[in-house]
Amino acid sequence: MTPLALLWLAPLALMVLFATLPDNSIFSPTLPPPGSEFFNNVAALAGSANFLRALGNSVMIGLIYAVLSVLLTSMAGYAFARFEFVGKNVLFGLLVATLTVPYAVVVIPQYILIARELGLSNTWVALIVPPLFNSLGVLFMRQSFSSLPQELLDAARVDGAGEWRIFFTIAMPLVRPAIAALSIILFLASWNSYLWPLLVGTSPGARTAPVALGSLIGLNVVPWGPLMAGATLMTLPMVVVFIFLQRYFVAGITAGAVK
Amino acid sequence: MVATISASATTSRQARARRGKPIDRQWSVPYRFLLPYLIVFSIFWFWPLIYSFLLSFQNTRVNPWTIDVAVNWRRLWVDQAFHAALRNTLIVLVLQVPIMLALATAIALALDSPKLAARPLFRFAFFAPIVVSDVAYSVIFRLLFNGQYGAVNQALTAIGLPALDWLHDPTWMMATIIIAVTWRWTGYNAIIILAGLQTIPKDLYEAAAIDGAGAWRRFRHITLPLLKPVIVFALVLSVIGTMQLFTEPWLITDAQSSGVSIEMLGTYLFKQGFRNLNFGYASAIAYTIAAMAAAMAAFNLLLSRRSSS
């Protein structure tokens with residue numbers, strides 16, 4: 001298993017190595033020793049692709065998206081977990097069914113609506129709002145809210161608390177680990193997404209890091225050093241977060257898998 | 001009369017409270033919790049699903065768009081580029097998904113084994129690609145598989161094998177994409193399978209060991225059958241993902257800069273929809289993908305019904 005594991009790590013290791021090398025030496029048969037070119041590569045990247053601004057856009061869009069999406073999916077998950085209402089089973093069935101519908105089907109009308117009819121291309125609204133629909137998040141939060149003891153919520157009700165107050169001051173704080181897990185997963189999904197930002201965000205103010213990085217591939221002379229530096233800047237922070245929060249990722253990935 | 005009603009209402013309310021059922025609550029409360037989510041669902045998901053279907057029956061190459069029920073579907077039938085895209089997608093699907101799921105199962109079994117030392121290191125090695133973005137790893141693989149100087153070819157020639165034209169020869173382009181996707185998603189599937197493994201009761205293995213079953217027989221007769229629903233779940237997700245592959249063929253091979261590339265359903269849909277702005281035809285392609293996904297989901301349902309009965 002050790003050779004396989006080393007093979008698995010090789011692409012990431014080489015990415016970091018190449019990010020520290022001068023651009024012209026990446027293809028030379030004998031590599032120079034890992035150098036201090038990293039910051040030069042980043043500087044070149046910042047100049048040619050406005051990459052630092054794109055990274056900033058990605059961070060802000062990811063944060064706003066994660067907060068809004070956690071709020072929406074928590075409210076919906078809470079409704080499915082704690083209430084009986086007409087149409088519940090139909091709605092829930094619809095939600096589960098959406099998991100098997102390819103994104104390819106909805107992306108065309110989403111684009112027509114956002115870009116052509118509403119003229120929202122290159123706005124953060126276009127980048128943040130359509131991806132807010134997320135059925136895995138609702139399933140995940142429903143599971144978490146289902147585990148709360150009913151007595152706790154009823155006690156608050158007897159004390160005269162309104163439904164919103166119960167939700168925000170009792171239910172939400174009690175599922176904090178689940179919210180943390182979901183926030184990370186949602187931020188990562190936004191951070192990594194490519195197709196939708198490629199369609200609706202190409203101006204400097206709306207361009208995210210993946211789109212900026214991808215744009216360099218089409219050039220005649222591909223700037224490999226800066227590209228690897230950009231890939232490293234996009235990847236390493238996430239890998240570090242992953243090391244510390246592995247169990248949250250695992251919880252998110254297995255949300256739909258094990259009943 | 002009034003007193004009787006309110007008394008019975010109170011007792012039934014208390015009874016409901018005791019059973020853990022909601023008490024004293026307006027009917028609209030759950031809907032208010034659902035409202036924002038349902039709005040997003042309707043506008044950005046449910047309506048697009050229908051609109052996409054309607055678009056597939058429209059000629060969007062004329063202005064204004066006109067209804068022409070068969071134009072796109074007839075074109076799918078004769079379009080060689082679409083057939084190539086479909087064929088390439090199916091080839092990747094048939095080769096990559098089984099390789100990946102077998103590898104993921106093996107890795108999950110190894111990570112679950114009590115004999116494994118340095119488990120956190122191995123977990124890290126296989127799970128790290130989960131957080132790497134499609135764009136970042138695509139540019140890395142494009143560099144590593146470069147035909148002239150890439151690290152992969154340098155490694156091949158170092159051990160006496162011929163260098164391969166990974167990014168221009170159709171066969172090897174396919175291989176590159178299969179390797180890349182496998183690298184990216186095997187750990188993800190291993191997590192799903194590992195979670196499934198951990199739900200299998202340990203005493204089943206002990207009983208089998210007492211009966212003299214060897215490691216292979218225990219795997220074949222206990223692990224695999226009990227793991228089937230989880231593996232099928234991973235299979236369905238992988239198939240749906242593979243059918244829409246876009247970033248990898250787009251950025252690793254030369255699809256973007258109009259050089260040589262292998263057309264996949266995802267890239268062909270992108271070109272038809274967002275380069276040629278032929279939304280009707282792109283919708284027909286999208287619904288072909290959806291039909292294949294629906295068939296997969298139905299297959300999943302059939303399997304899980306059979307295994308539970």
# chains A, B, ... in the order shown; residues from 1 in each chain; ligands from 1
$ residues_around --residues "B:Asn189" --least-positions-apart "5" --cutoff "9 Å" --atoms "only C-alpha atoms" --output "PyMOL selection string"
(chain A and resi 253) or (chain B and resi 100-101+104-105+108+194+231+234-235+238)
$ interface_residues --of "chain A" --to "chain B" --cutoff "6 Å" --atoms "only C-alpha atoms" --output "tab-separated table (two decimals) with N, CA and C atoms, in the first residue's frame"
chain	number	residue	atom	x	y	z
A	5	ALA	N	0.27	4.80	-2.01
A	5	ALA	CA	0.06	6.05	-1.28
A	5	ALA	C	1.03	7.13	-1.75
A	9	LEU	N	0.27	10.75	-3.59
A	9	LEU	CA	0.70	12.07	-3.11
A	9	LEU	C	1.55	12.80	-4.14
A	27	PHE	N	10.62	22.09	-17.38
A	27	PHE	CA	10.74	21.03	-18.37
A	27	PHE	C	12.18	20.58	-18.61
A	72	LEU	N	-30.50	28.63	4.88
A	72	LEU	CA	-31.62	28.09	4.10
A	72	LEU	C	-31.80	26.58	4.32
A	75	MET	N	-33.10	25.80	7.91
A	75	MET	CA	-34.53	26.05	8.08
A	75	MET	C	-35.34	24.93	7.43
A	76	ALA	N	-34.96	24.56	6.21
A	76	ALA	CA	-35.70	23.51	5.51
A	76	ALA	C	-35.53	22.17	6.22
A	79	ALA	N	-37.69	22.05	9.28
A	79	ALA	CA	-39.10	21.82	8.95
A	79	ALA	C	-39.36	20.35	8.68
A	102	PRO	N	-28.82	15.25	-13.16
A	102	PRO	CA	-27.54	15.90	-13.47
A	102	PRO	C	-27.68	17.41	-13.53
A	104	ALA	N	-26.21	19.25	-15.48
A	104	ALA	CA	-26.21	19.66	-16.89
A	104	ALA	C	-27.61	20.08	-17.36
A	105	VAL	N	-28.65	19.48	-16.76
A	105	VAL	CA	-30.01	19.77	-17.22
A	105	VAL	C	-30.45	21.17	-16.81
A	106	VAL	N	-30.04	21.61	-15.62
A	106	VAL	CA	-30.55	22.90	-15.14
A	106	VAL	C	-29.64	24.06	-15.49
A	109	PRO	N	-31.04	26.59	-18.57
A	109	PRO	CA	-32.05	27.59	-18.18
A	109	PRO	C	-31.56	28.56	-17.10
A	130	PRO	N	-28.02	31.18	-7.41
A	130	PRO	CA	-28.49	29.92	-7.99
A	130	PRO	C	-27.93	28.66	-7.32
A	133	PHE	N	-29.51	26.31	-4.02
A	133	PHE	CA	-30.30	25.08	-3.94
A	133	PHE	C	-29.36	23.89	-3.79
A	192	ASN	N	-14.29	25.66	-5.07
A	192	ASN	CA	-13.83	24.81	-6.16
A	192	ASN	C	-14.67	24.88	-7.42
A	210	PRO	N	-10.60	29.74	-9.61
A	210	PRO	CA	-10.54	28.68	-10.63
A	210	PRO	C	-10.66	29.23	-12.05
A	218	GLY	N	-5.38	28.52	-21.82
A	218	GLY	CA	-5.64	28.76	-23.22
A	218	GLY	C	-4.55	29.55	-23.93
A	231	ALA	N	-2.20	27.07	-8.39
A	231	ALA	CA	-2.83	25.83	-7.94
A	231	ALA	C	-2.47	25.56	-6.48
A	235	THR	N	-4.94	25.25	-3.31
A	235	THR	CA	-5.09	23.90	-2.76
A	235	THR	C	-4.58	23.78	-1.33
A	254	THR	N	-20.53	11.19	3.86
A	254	THR	CA	-21.32	9.99	4.13
A	254	THR	C	-22.77	10.31	4.47
$ residues_around --residues "stretch 142-153 of chain A" --least-positions-apart "2" --cutoff "9 Å" --atoms "only C-alpha atoms" --output "ChimeraX atom specification"
/A:73-74,76-82,137-140,155-158,166-167,170-172,174-175,178,255 /B:17,20-22
$ residues_around --residues "A:Phe18" --least-positions-apart "6" --cutoff "8 Å" --atoms "only C-alpha atoms" --output "list of chain:residue names"
A:Ile26, A:Pro34, A:Gly225, A:Met228, A:Ala229
$ write_last_selection --atoms "N, CA, C and O atoms" --output "mmCIF file, in the first residue's frame"
data_model
loop_
_atom_site.group_PDB
_atom_site.id
_atom_site.type_symbol
_atom_site.label_atom_id
_atom_site.label_comp_id
_atom_site.auth_asym_id
_atom_site.auth_seq_id
_atom_site.Cartn_x
_atom_site.Cartn_y
_atom_site.Cartn_z
ATOM 1 N N ILE A 26 11.080 24.040 -15.467
ATOM 2 C CA ILE A 26 10.155 22.950 -15.140
ATOM 3 C C ILE A 26 10.311 21.781 -16.111
ATOM 4 O O ILE A 26 10.219 20.622 -15.735
ATOM 5 N N PRO A 34 14.892 22.877 -5.250
ATOM 6 C CA PRO A 34 13.698 23.650 -4.929
ATOM 7 C C PRO A 34 14.102 25.044 -4.483
ATOM 8 O O PRO A 34 14.841 25.201 -3.515
ATOM 9 N N GLY A 225 5.120 27.908 -14.203
ATOM 10 C CA GLY A 225 5.508 28.262 -12.831
ATOM 11 C C GLY A 225 4.401 29.002 -12.098
ATOM 12 O O GLY A 225 3.933 28.561 -11.040
ATOM 13 N N MET A 228 1.390 26.715 -11.413
ATOM 14 C CA MET A 228 1.555 25.806 -10.274
ATOM 15 C C MET A 228 1.477 26.582 -8.962
ATOM 16 O O MET A 228 0.938 26.093 -7.975
ATOM 17 N N ALA A 229 2.000 27.813 -8.973
ATOM 18 C CA ALA A 229 1.898 28.641 -7.767
ATOM 19 C C ALA A 229 0.426 28.919 -7.447
ATOM 20 O O ALA A 229 0.003 28.847 -6.286
#
$ select_by_dssp --residues "stretch 15-242 of chain B" --states "strand (DSSP E or B)" --output "JSON, numbers by chain"
{"B": [58, 59, 66, 67]}
$ residues_around --residues "stretch 42-55 of chain A" --least-positions-apart "6" --cutoff "12 Å" --atoms "only C-alpha atoms" --output "ChimeraX atom specification"
/A:19-23,36,61-62,191-192,197,201-217,219,222-235,237
$ select_by_dssp --residues "stretch 48-230 of chain B" --states "helix (DSSP H, G or I)" --output "PyMOL selection string"
chain B and resi 48-55+71-78+80-112+119-131+134-144+151-158+170-197+202-210+215-230
